[in-house]
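To start, the structure under review is shown below, and the notes come after it.
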Amino acid sequence: MSTRTTDPPARYRLFSWEHSYFSGKVRGYLRYKQAMGALGPGYEDILATPELLQGLLTQRSGSGAVPQVEAPDGTWIQDSSEIIDFCEAAHPQSSVIPDAASKPRQCLVAYLIELLADEWMVVPGFWERWYFSEDGRSLSHRGFNEQQWGAVMAPDATGDVRRAAGAEFFEAAFGISHSRKNPKGVYAGLIHLGVDERTEAAWQASQHRLLAHLEAHFSKHDYLLGGAPSLADFGLLAPLYAHLYRDAVPGFVLRTHFPLVCEWVERTNGEGALNARMYGQKLYGLDDDGNLVGRPANSDGSAWLPDDQIPPSLLPVLGVFFEEMWPVLSTSAETLTRYIKSDAHTSNGELPGKTFSATPGFVKLQTEDGPLTHDFEIGGIKGRRMVIPYQIWMLQRVEQALDRAVATATGRESIETFLAQFPRGSEILKLADLLKDCRVRKQGALLYSVS
Ligand SMILES: N[C@@H](CCC(=O)N[C@@H](CS)C(=O)NCC(=O)O)C(=O)O
């Protein structure tokens with residue numbers, strides 16, 4: 001029997017896929033808030049099938065991207081960061097965002113790691129999924145990948161038909177058997193992001209460097225800021241859950257070389273985590289009379305480190321942000337500024353909005369040597385990639401957090417000293433200058449210049 005739902009919903013509705021990068025971030029967050037009793041009516045996770053993408057999500061937000069959320073008050077939210085912002089404002093208990101006034105460093109670090117995870121780690125995570133699905137790879141998770149996509153494409157079909165639906169989609173949309181000769185869809189997207197035969201090993205090395213830093217960190221702390229999760233953890237769950245933990249080839253590497261990162265994935269994802277010292281979990285022992293006595297399971301007293309401390313083991317992770325990503329963000333902002341000032345752009349006009357590939361309608365501008373491309377470097381190898389205006393929107397989020405963090409003299413001093421230890425770290429303090437002529441406004445899924 002089919003059921004009709006009433007509108008607005010009694011609970012939050014999360015429209016997502018299990019295999020989606022940004023869905024993992026939001027699902028982990030919502031599950032945490034719900035477990036803490038801090039999500040009001042709770043949420044329902046709804047598989048975003050093609051029928052819903054076309055008939056509902058695209059109608060409501062102008063985009064078929066997942067995740068999207070419908071709130072109990074009827075508000076429709078597209079974008080993982082905006083979903084978290086909305087829920088934090090509506091349900092401030094068990095907040096995942098450190099208060100900028102009392103914890104300026106932890107607040108800034110949470111936003112920087114969200115940015116690193118969302119928009120830099122996405123490149124090697126995306127590459128792992130599709131490289132190990134290509135024809136002829138000796139290590140291949142093509143079958144698993146077909147099954148996880150087919151489960152969305154043909155949700156009512158039998159198992160074998162679901163897998164066939166995934167395989168058919170890979171051929172039709174991505175030309176998977178000609179991925180190197182004639183890259184389409186995700187394979188074209190990888191090239192737009194600066195991944196090709198020359199750079200792919202360097203991108204993977206960057207990811208393994210980050211995973212090694214994280215493995216060292218999780219040997220001391222259960223979460224990034226100590227013993228409780230924050231925005232930084234849920235941001236990091238985006239690359240780590242759907243791509244690096246679930247997908248079979250990187251999943252094997254993660255389990256064999258980075259077991260503490262695996263534990264953290266289970267703990268932060270909040271499922272299958274009995275051995276992983278999950279948030280809210282109690283470990284039990286026995287007292288002298290043989291009675292069960294519970295104690296909190298997590299490190300650091302199940303809280304962020306006191307006195308706005310950043311765990312020293314997290315500094316190398318931030319080092320990757322400043323060494324690798326910041327130069328790219330900085331030239332992206334300069335390139336976008338030139339484009340916005342040029343005759344090619346209409347004042348307050350639309351900008352490309354996608355992360356995984358050039359945006360339809362902007363492909364000429366964002367590929368080859370187009371005005372929305374720029375040179376970059378990864379592991380000493382030079383490449384060229386598209387400018388992603390969404391990253392400027394995310395930098396504006398960082399800027400807002402930073403403004404709050406440096407609003408007092410002590411906050412400013414603390415942040416200045418902290419940033420001074422990273423190469424070009426103090427440039428973050430001048431974000432307003434960098435962004436002044438490339439401001440971006442987000443409306444639903446669409447981005448516009450503000451000029
Ligand atoms: N910035 C967005 C990105 C969302 C996104 O790109 N989602 C991917 C799946 S992880 C998607 O649905 N892509 C298909 C599309 O853009 O149409 C967010 O944070 O939610």
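Ligands are numbered from 1 in the order shown, chains are lettered A, B, ... in the order of the structure tokens, and residues start at 1 in each chain.
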9 Å contact set for Lys382 in chain A, only C-alpha atoms, chain neighbours under 6 positions out, as a ChimeraX atom specification: /A:198-199,375-376
Selection export as a PDB file, in the first residue's frame, atoms kept: all heavy atoms:
```
ATOM      1  N   ARG A 198      48.961  13.328 -15.430  1.00  0.00           N
ATOM      2  CA  ARG A 198      50.160  13.927 -14.807  1.00  0.00           C
ATOM      3  C   ARG A 198      49.963  14.168 -13.311  1.00  0.00           C
ATOM      4  O   ARG A 198      50.896  14.065 -12.535  1.00  0.00           O
ATOM      5  CB  ARG A 198      50.509  15.257 -15.491  1.00  0.00           C
ATOM      6  CG  ARG A 198      51.119  15.080 -16.883  1.00  0.00           C
ATOM      7  CD  ARG A 198      51.305  16.416 -17.573  1.00  0.00           C
ATOM      8  NE  ARG A 198      50.095  17.228 -17.497  1.00  0.00           N
ATOM      9  CZ  ARG A 198      50.008  18.429 -16.962  1.00  0.00           C
ATOM     10  NH1 ARG A 198      51.063  19.004 -16.443  1.00  0.00           N
ATOM     11  NH2 ARG A 198      48.861  19.084 -16.934  1.00  0.00           N
ATOM     12  N   THR A 199      48.734  14.533 -12.919  1.00  0.00           N
ATOM     13  CA  THR A 199      48.544  14.962 -11.521  1.00  0.00           C
ATOM     14  C   THR A 199      47.909  13.904 -10.614  1.00  0.00           C
ATOM     15  O   THR A 199      47.920  14.063  -9.396  1.00  0.00           O
ATOM     16  CB  THR A 199      47.642  16.221 -11.468  1.00  0.00           C
ATOM     17  OG1 THR A 199      46.391  15.906 -12.108  1.00  0.00           O
ATOM     18  CG2 THR A 199      48.283  17.423 -12.139  1.00  0.00           C
ATOM     19  N   ASP A 375      46.043  28.166 -13.274  1.00  0.00           N
ATOM     20  CA  ASP A 375      47.128  27.227 -13.007  1.00  0.00           C
ATOM     21  C   ASP A 375      47.149  26.904 -11.518  1.00  0.00           C
ATOM     22  O   ASP A 375      46.820  27.764 -10.692  1.00  0.00           O
ATOM     23  CB  ASP A 375      48.485  27.852 -13.375  1.00  0.00           C
ATOM     24  CG  ASP A 375      48.631  28.025 -14.881  1.00  0.00           C
ATOM     25  OD1 ASP A 375      48.002  27.258 -15.628  1.00  0.00           O
ATOM     26  OD2 ASP A 375      49.362  28.947 -15.290  1.00  0.00           O
ATOM     27  N   PHE A 376      47.542  25.702 -11.195  1.00  0.00           N
ATOM     28  CA  PHE A 376      47.707  25.354  -9.784  1.00  0.00           C
ATOM     29  C   PHE A 376      48.797  24.295  -9.679  1.00  0.00           C
ATOM     30  O   PHE A 376      49.298  23.795 -10.695  1.00  0.00           O
ATOM     31  CB  PHE A 376      46.388  24.828  -9.190  1.00  0.00           C
ATOM     32  CG  PHE A 376      46.120  23.384  -9.519  1.00  0.00           C
ATOM     33  CD1 PHE A 376      46.270  22.396  -8.555  1.00  0.00           C
ATOM     34  CD2 PHE A 376      45.771  22.990 -10.805  1.00  0.00           C
ATOM     35  CE1 PHE A 376      46.055  21.047  -8.853  1.00  0.00           C
ATOM     36  CE2 PHE A 376      45.557  21.658 -11.119  1.00  0.00           C
ATOM     37  CZ  PHE A 376      45.693  20.685 -10.140  1.00  0.00           C
TER      38      PHE A 376
END
```
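Scanning range 2-248 of chain A with DSSP on the backbone, the strand (DSSP E) assignments fall on Tyr12, Arg13, Leu14, Phe15, Ser16, Tyr43, Glu44, Asp45, Ile46, Leu47, Gln68, Val69, Glu70, Trp76, Ile77 and Gln78 of chain A.
Those protein and nucleic acid residues that have any atom within 8 Å of ligand 1 are, using only C-alpha atoms and all ligand atoms, Trp17, His19, Ser20, Tyr21, Phe22, Ser23, Ser63, Gly64, Ala65, Val66, Pro67, Gln68, Gln78, Asp79, Ser80, Ser81, Glu82, Asp118, Lys354, Thr355, Phe356 and Tyr390 of chain A.
Minimum distance to Leu139 in chain A across A:Val253, A:Leu434, A:Ile378, A:Leu395 (counting only C-alpha atoms) occurs at A:Val253.
Summary of the local environment: counting only C-alpha atoms, residues at most 7 Å from Ser230 in chain A, other than itself and those fewer than 6 positions away along its chain, are A:Val96, A:Ile97, A:Ala110.
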Can those selected residues be exported to a file as a PDB file, in the first residue's frame so that it contains N, CA, C and O atoms?
```pdb
ATOM      1  N   VAL A  96      27.409  22.100  17.440  1.00  0.00           N
ATOM      2  CA  VAL A  96      28.633  21.541  16.847  1.00  0.00           C
ATOM      3  C   VAL A  96      29.585  22.655  16.411  1.00  0.00           C
ATOM      4  O   VAL A  96      30.658  22.382  15.887  1.00  0.00           O
ATOM      5  N   ILE A  97      29.167  23.910  16.612  1.00  0.00           N
ATOM      6  CA  ILE A  97      30.012  25.029  16.170  1.00  0.00           C
ATOM      7  C   ILE A  97      30.522  25.779  17.398  1.00  0.00           C
ATOM      8  O   ILE A  97      29.731  26.380  18.135  1.00  0.00           O
ATOM      9  N   ALA A 110      37.254  24.885  12.916  1.00  0.00           N
ATOM     10  CA  ALA A 110      36.120  24.069  12.459  1.00  0.00           C
ATOM     11  C   ALA A 110      35.709  24.472  11.041  1.00  0.00           C
ATOM     12  O   ALA A 110      35.482  23.616  10.180  1.00  0.00           O
TER      13      ALA A 110
END
```
Given only C-alpha atoms, how would the per-residue table for range 90-131 of chain A near range 37-61 of chain A read, listing every residue at most 9 Å away with its closest atom pair and distance in Å to one decimal, sorted by chain and number, as JSON lines?
```
{"residue": "A:Ala90", "atom": "CA", "partner": "A:Leu39", "partner_atom": "CA", "distance": 8.5}
{"residue": "A:His91", "atom": "CA", "partner": "A:Leu39", "partner_atom": "CA", "distance": 6.1}
{"residue": "A:Pro92", "atom": "CA", "partner": "A:Ala38", "partner_atom": "CA", "distance": 7.7}
{"residue": "A:Gln93", "atom": "CA", "partner": "A:Ala38", "partner_atom": "CA", "distance": 5.7}
{"residue": "A:Ser94", "atom": "CA", "partner": "A:Ala38", "partner_atom": "CA", "distance": 6.4}
{"residue": "A:Ser95", "atom": "CA", "partner": "A:Ala38", "partner_atom": "CA", "distance": 8.7}
```
Using only C-alpha atoms, find each residue in range 250-288 of chain A having at least one atom no more than 9 Å away from range 210-213 of chain A; report its shortest atom-to-atom pair and that distance in Å (one decimal), rows by chain then rising number, as a tab-separated table.
```
residue	atom	partner	partner_atom	distance
A:Leu254	CA	A:Leu211	CA	8.5
A:His257	CA	A:Ala212	CA	8.7
A:Phe258	CA	A:Leu211	CA	7.1
A:Val261	CA	A:Leu211	CA	7.5
```
Could you save those same residues with C-alpha atoms as a compact mmCIF listing (two decimals), in the first residue's frame?
```
# COMPACT_ATOMS: atom_id res chain seq x y z
CA LEU A 254 41.60 2.64 4.95
CA HIS A 257 46.56 1.23 6.84
CA PHE A 258 44.39 3.68 8.77
CA VAL A 261 40.51 6.68 10.94
```
Counting only C-alpha atoms, which residues of range 69-142 of chain A sit at most 8 Å from some atom of range 304-308 of chain A, and what is each one's closest atom pair with its distance in Å to one decimal, listed by chain and rising residue number, as CSV?
```
residue,atom,partner,partner_atom,distance
A:Ser102,CA,A:Asp308,CA,7.5
A:Lys103,CA,A:Asp308,CA,4.9
A:Pro104,CA,A:Asp308,CA,7.1
A:Arg105,CA,A:Asp308,CA,6.2
A:Gln106,CA,A:Asp308,CA,5.9
```
